[in-house]
$ cat data.cif   # mmCIF, C-alpha atoms
data_data
#
loop_
_atom_site.label_atom_id
_atom_site.label_comp_id
_atom_site.auth_asym_id
_atom_site.auth_seq_id
_atom_site.Cartn_x
_atom_site.Cartn_y
_atom_site.Cartn_z
CA MET A 11 16.12 24.74 -2.08
CA SER A 12 18.44 25.85 -4.86
CA LYS A 13 17.08 27.30 -8.09
CA GLN A 14 18.35 24.26 -10.03
CA LYS A 15 16.23 23.08 -12.94
CA ILE A 16 13.88 20.44 -11.55
CA ALA A 17 11.98 18.06 -13.80
CA GLN A 18 8.35 19.19 -14.09
CA THR A 19 7.03 15.64 -14.09
CA ARG A 20 4.60 13.90 -11.80
CA ASN A 21 6.40 11.29 -9.65
CA TRP A 22 6.17 9.50 -6.33
CA TYR A 23 8.57 10.57 -3.59
CA VAL A 24 9.32 9.18 -0.14
CA LEU A 25 8.80 11.56 2.74
CA HIS A 26 10.42 10.91 6.12
CA THR A 27 8.28 11.74 9.17
CA TYR A 28 8.65 11.32 12.89
CA SER A 29 7.67 7.72 13.64
CA GLY A 30 4.06 7.44 14.77
CA TYR A 31 3.06 10.69 13.02
CA GLU A 32 2.47 9.22 9.54
CA GLU A 33 -1.34 9.58 9.72
CA SER A 34 -1.26 13.12 11.13
CA VAL A 35 1.30 14.21 8.51
CA SER A 36 -0.94 12.77 5.80
CA LYS A 37 -3.98 14.63 7.21
CA ASN A 38 -2.07 17.92 7.71
CA LEU A 39 -0.56 17.73 4.25
CA LYS A 40 -4.00 17.17 2.66
CA GLN A 41 -5.31 20.26 4.50
CA ARG A 42 -2.29 22.34 3.44
CA ILE A 43 -2.70 21.24 -0.21
CA GLU A 44 -6.33 22.36 -0.10
CA SER A 45 -5.82 25.65 1.75
CA LEU A 46 -2.73 26.65 -0.28
CA GLY A 47 -4.23 25.59 -3.63
CA MET A 48 -1.46 23.07 -4.41
CA ASP A 49 -3.73 20.34 -5.83
CA ASP A 50 -2.26 20.98 -9.29
CA LYS A 51 1.23 20.00 -8.00
CA ILE A 52 0.59 17.56 -5.12
CA PHE A 53 -1.81 14.75 -5.99
CA ASN A 54 -1.77 11.70 -3.72
CA ILE A 55 -0.51 10.73 -0.29
CA ILE A 56 -0.14 7.12 0.85
CA VAL A 57 0.74 5.74 4.26
CA PRO A 58 1.80 2.23 3.13
CA LYS A 59 0.07 -0.44 5.26
CA GLU A 60 -0.52 -4.17 4.99
CA LYS A 61 -2.64 -6.69 6.83
CA LYS A 62 -0.89 -9.15 9.16
CA ILE A 63 -2.16 -12.06 11.21
CA LYS A 64 -1.43 -11.85 14.95
CA ILE A 65 -2.37 -13.99 17.93
CA LYS A 66 -3.85 -12.07 20.86
CA LYS A 67 -5.07 -13.94 23.94
CA GLY A 68 -5.07 -17.18 21.95
CA LYS A 69 -7.28 -15.70 19.21
CA ARG A 70 -6.18 -14.98 15.67
CA LYS A 71 -6.67 -11.36 14.57
CA VAL A 72 -5.94 -9.57 11.34
CA THR A 73 -4.28 -6.24 12.06
CA GLU A 74 -3.04 -3.48 9.81
CA GLU A 75 0.59 -2.47 10.17
CA LYS A 76 2.67 0.21 8.52
CA ILE A 77 5.02 -1.30 5.97
CA TYR A 78 7.60 1.48 6.43
CA PRO A 79 7.14 3.15 9.83
CA GLY A 80 8.28 6.77 9.65
CA TYR A 81 7.73 7.10 5.89
CA ILE A 82 4.88 8.13 3.63
CA LEU A 83 4.63 8.43 -0.15
CA VAL A 84 3.64 11.61 -1.94
CA GLU A 85 2.78 11.87 -5.63
CA MET A 86 3.71 15.34 -6.81
CA ILE A 87 5.45 17.60 -9.27
CA VAL A 88 8.46 19.02 -7.42
CA THR A 89 8.74 22.79 -7.74
CA ASP A 90 10.13 25.29 -5.24
CA ASP A 91 6.54 25.93 -4.03
CA SER A 92 5.40 22.31 -3.72
CA TRP A 93 8.70 21.28 -2.11
CA TYR A 94 8.30 24.07 0.45
CA VAL A 95 4.66 23.13 1.28
CA VAL A 96 5.52 19.46 1.84
CA ARG A 97 8.85 20.06 3.58
CA ASN A 98 7.29 22.51 6.06
CA THR A 99 4.36 20.33 7.08
CA PRO A 100 4.56 19.64 10.85
CA ASN A 101 6.43 16.42 11.79
CA VAL A 102 8.03 16.05 8.34
CA THR A 103 11.80 15.64 8.61
CA GLY A 104 12.52 15.67 4.88
CA PHE A 105 12.49 13.87 1.56
CA ILE A 106 14.56 10.80 0.77
CA GLY A 107 17.11 11.97 -1.75
CA ALA A 108 20.51 13.51 -2.34
CA GLY A 109 20.91 16.70 -0.33
CA THR A 110 17.77 18.77 -0.81
CA ILE A 111 16.79 17.17 -4.14
CA PRO A 112 14.14 14.44 -3.68
CA ILE A 113 14.70 11.24 -5.67
CA PRO A 114 11.58 9.74 -7.32
CA VAL A 115 10.51 6.17 -6.59
CA SER A 116 10.30 3.88 -9.64
CA LYS A 117 6.84 3.11 -11.07
CA GLU A 118 7.53 -0.63 -10.56
CA GLU A 119 8.17 -0.14 -6.84
CA ILE A 120 4.95 1.87 -6.45
CA GLU A 121 2.93 -0.79 -8.33
CA SER A 122 4.36 -3.62 -6.23
CA LEU A 123 3.68 -1.66 -3.02
CA LYS A 124 0.06 -0.99 -4.09
CA LYS A 125 -0.44 -4.72 -4.79
CA ARG A 126 0.96 -5.54 -1.34
CA MET A 127 -1.47 -3.05 0.24
CA GLU A 128 -4.51 -4.49 -1.62
CA VAL A 129 -4.24 -7.96 -0.06
CA ASP A 130 -7.38 -8.47 2.04
CA GLU A 131 -6.49 -11.78 3.63
CA PRO A 132 -2.82 -12.21 4.53
CA GLN A 133 -1.23 -15.45 3.34
CA TYR A 134 0.20 -17.96 5.79
CA ASN A 135 3.94 -18.23 5.53
CA ILE A 136 4.74 -21.53 7.22
CA ASP A 137 8.45 -22.23 7.11
CA VAL A 138 8.44 -25.53 9.01
CA GLU A 139 7.79 -29.09 7.88
CA ALA A 140 7.23 -32.46 9.50
CA GLY A 141 10.30 -33.49 11.48
CA ASP A 142 11.45 -29.93 12.34
CA MET A 143 12.12 -29.09 15.99
CA VAL A 144 10.18 -26.03 17.26
CA LYS A 145 9.69 -24.03 20.44
CA ILE A 146 6.13 -23.15 21.42
CA THR A 147 5.91 -19.38 21.99
CA ASP A 148 2.28 -18.91 23.02
CA GLY A 149 -0.58 -20.71 24.73
CA PRO A 150 -0.70 -23.32 27.53
CA PHE A 151 2.39 -25.14 26.21
CA LYS A 152 4.53 -21.98 26.00
CA ASP A 153 8.30 -22.67 26.29
CA PHE A 154 7.89 -26.40 25.50
CA ASP A 155 9.99 -27.81 22.66
CA GLY A 156 8.53 -30.32 20.28
CA GLN A 157 8.75 -31.96 16.88
CA VAL A 158 6.40 -31.04 14.02
CA SER A 159 4.35 -34.10 13.00
CA GLU A 160 1.88 -32.46 10.58
CA VAL A 161 1.42 -29.15 8.75
CA ASP A 162 -1.96 -27.90 7.47
CA GLU A 163 -0.94 -24.94 5.31
CA GLU A 164 -4.51 -24.06 4.32
CA LYS A 165 -5.65 -23.56 7.90
CA GLY A 166 -2.30 -22.35 9.22
CA LYS A 167 -2.30 -25.15 11.81
CA ILE A 168 0.59 -27.35 12.93
CA LYS A 169 0.60 -30.56 14.97
CA VAL A 170 3.57 -30.71 17.34
CA LEU A 171 4.60 -33.73 19.40
CA VAL A 172 5.40 -32.47 22.91
CA ASN A 173 7.06 -34.77 25.42
CA MET A 174 4.87 -34.75 28.53
CA PHE A 175 5.01 -37.28 31.34
CA GLY A 176 7.51 -39.40 29.42
CA ARG A 177 5.51 -39.71 26.21
CA ASP A 178 4.95 -37.71 23.02
CA THR A 179 1.59 -35.94 23.03
CA PRO A 180 0.23 -34.32 19.83
CA VAL A 181 -0.73 -30.67 20.30
CA GLU A 182 -2.48 -28.65 17.56
CA LEU A 183 -1.18 -25.09 17.34
CA ASP A 184 -1.50 -22.06 15.13
CA TYR A 185 1.67 -21.47 13.11
CA LEU A 186 2.05 -18.12 14.90
CA GLN A 187 2.44 -19.96 18.21
CA ILE A 188 5.72 -21.66 17.29
CA LYS A 189 9.29 -20.72 16.43
CA LYS A 190 11.64 -22.95 14.45
CA LEU A 191 14.70 -24.08 16.42
#

$ encode --input "data.cif" --output "structure tokens"
Amino acid sequence: MSKQKIAQTRNWYVLHTYSGYEESVSKNLKQRIESLGMDDKIFNIIVPKEKKIKIKKGKRKVTEEKIYPGYILVEMIVTDDSWYVVRNTPNVTGFIGAGTIPIPVSKEEIESLKKRMEVDEPQYNIDVEAGDMVKITDGPFKDFDGQVSEVDEEKGKIKVLVNMFGRDTPVELDYLQIKKL
């Protein structure tokens, strides 16, 4: 890193890692901060994650997924020493920035990301309404097409009319089991 004058302020920076190594980079970096006495220059490390609802074997599960796979956030004061410690942590490929100079993330972006991470129960995002044509993507009626007859946003359930044996049959599905056509 060049000997350019770097702002001695505490900011959040985005660190690029090999995908899948975010947790180990976070752990290694915390150990390096401790063993090299850098806790006065490197303060916080976040692997941004959020909760998502998934359907596995017909059951709804809340899972945690990385918001930005391959990236972690580091709150630090960038100096030649702190830059070197972070940059040379195993599985780190570099900072997001121009050349070798990391660019800080705005306080607003960090606050909005923290809010997104604090959500305990993910919200349903149902983008279909009665009358829409959908394809069923999971469950016993997989690959059937049907028409939405009812939407229960609170429960995340949808009633779909599926044509079986020459007549429309109502089928109740989870919103994750359909795809809008």

$ closest_residue --input "data.cif" --among "A:Met174, A:Ile43, A:Val161, A:Met143" --to "Leu191 of chain A" --atoms "only C-alpha atoms"
A:Met143

$ resolve_selection --input "data.cif" --expression "the PyMOL selection byres ((chain A and resi 25) around 8)" --output "PyMOL selection string"
chain A and resi 23-24+26-27+81-84+102-106

$ closest_residue --input "data.cif" --among "A:Ile113, A:Val158, A:Val57, A:Ile87" --to "Gly30 of chain A" --atoms "all atoms listed in the file"
A:Val57

$ closest_residue --input "data.cif" --among "A:Leu39, A:Ile77, A:Leu183, A:Pro58" --to "Asp162 of chain A" --atoms "all atoms listed in the file"
A:Leu183

$ residues_around --input "data.cif" --residues "Phe154 of chain A" --least-positions-apart "5" --cutoff "10 Å" --atoms "all atoms listed in the file" --output "CSV table (one decimal) with C-alpha atoms, in the coordinates of the input"
chain,number,residue,atom,x,y,z
A,144,VAL,CA,10.2,-26.0,17.3
A,145,LYS,CA,9.7,-24.0,20.4
A,146,ILE,CA,6.1,-23.2,21.4
A,147,THR,CA,5.9,-19.4,22.0
A,148,ASP,CA,2.3,-18.9,23.0
A,172,VAL,CA,5.4,-32.5,22.9
A,173,ASN,CA,7.1,-34.8,25.4
A,174,MET,CA,4.9,-34.8,28.5
A,188,ILE,CA,5.7,-21.7,17.3

$ atom_distance --input "data.cif" --atom1 "atom CA of Glu139 of chain A" --atom2 "atom CA of Leu186 of chain A"
14.2 Å

$ resolve_selection --input "data.cif" --expression "the PyMOL selection byres ((chain A and resi 92) around 10)" --output "PyMOL selection string"
chain A and resi 43+46+48-52+86-91+93-98

$ residues_around --input "data.cif" --residues "segment 69-76 of chain A" --least-positions-apart "6" --cutoff "7 Å" --atoms "all atoms listed in the file" --output "short mmCIF file (atom, residue, chain, number, x, y, z; two decimals) with C-alpha atoms, in the coordinates of the input"
data_model
loop_
_atom_site.label_atom_id
_atom_site.label_comp_id
_atom_site.auth_asym_id
_atom_site.auth_seq_id
_atom_site.Cartn_x
_atom_site.Cartn_y
_atom_site.Cartn_z
CA PRO A 58 1.80 2.23 3.13
CA LYS A 59 0.07 -0.44 5.26
CA GLU A 60 -0.52 -4.17 4.99
CA LYS A 61 -2.64 -6.69 6.83
CA LYS A 62 -0.89 -9.15 9.16
CA ILE A 63 -2.16 -12.06 11.21
#

$ atom_distance --input "data.cif" --atom1 "atom CA of Val170 of chain A" --atom2 "atom CA of Asp137 of chain A"
14.2 Å

$ axis_aligned_box --input "data.cif" --around "segment 171-183 of chain A" --padding-each-side "8 Å" --output "lines of an AutoDock Vina configuration file"
center_x = 2.5
center_y = -32.4
center_z = 24.3
size_x = 26.0
size_y = 30.6
size_z = 30.0

$ closest_residue --input "data.cif" --among "A:Gly166, A:Pro150, A:Pro180, A:Gly47" --to "Lys64 of chain A" --atoms "only C-alpha atoms"
A:Gly166

$ closest_residue --input "data.cif" --among "A:Arg20, A:Gly141, A:Gly80, A:Glu44" --to "Asn101 of chain A" --atoms "all atoms listed in the file"
A:Gly80

$ closest_residue --input "data.cif" --among "A:Ile120, A:Ile111, A:Ile136, A:Ile56" --to "Asp184 of chain A" --atoms "all atoms listed in the file"
A:Ile136
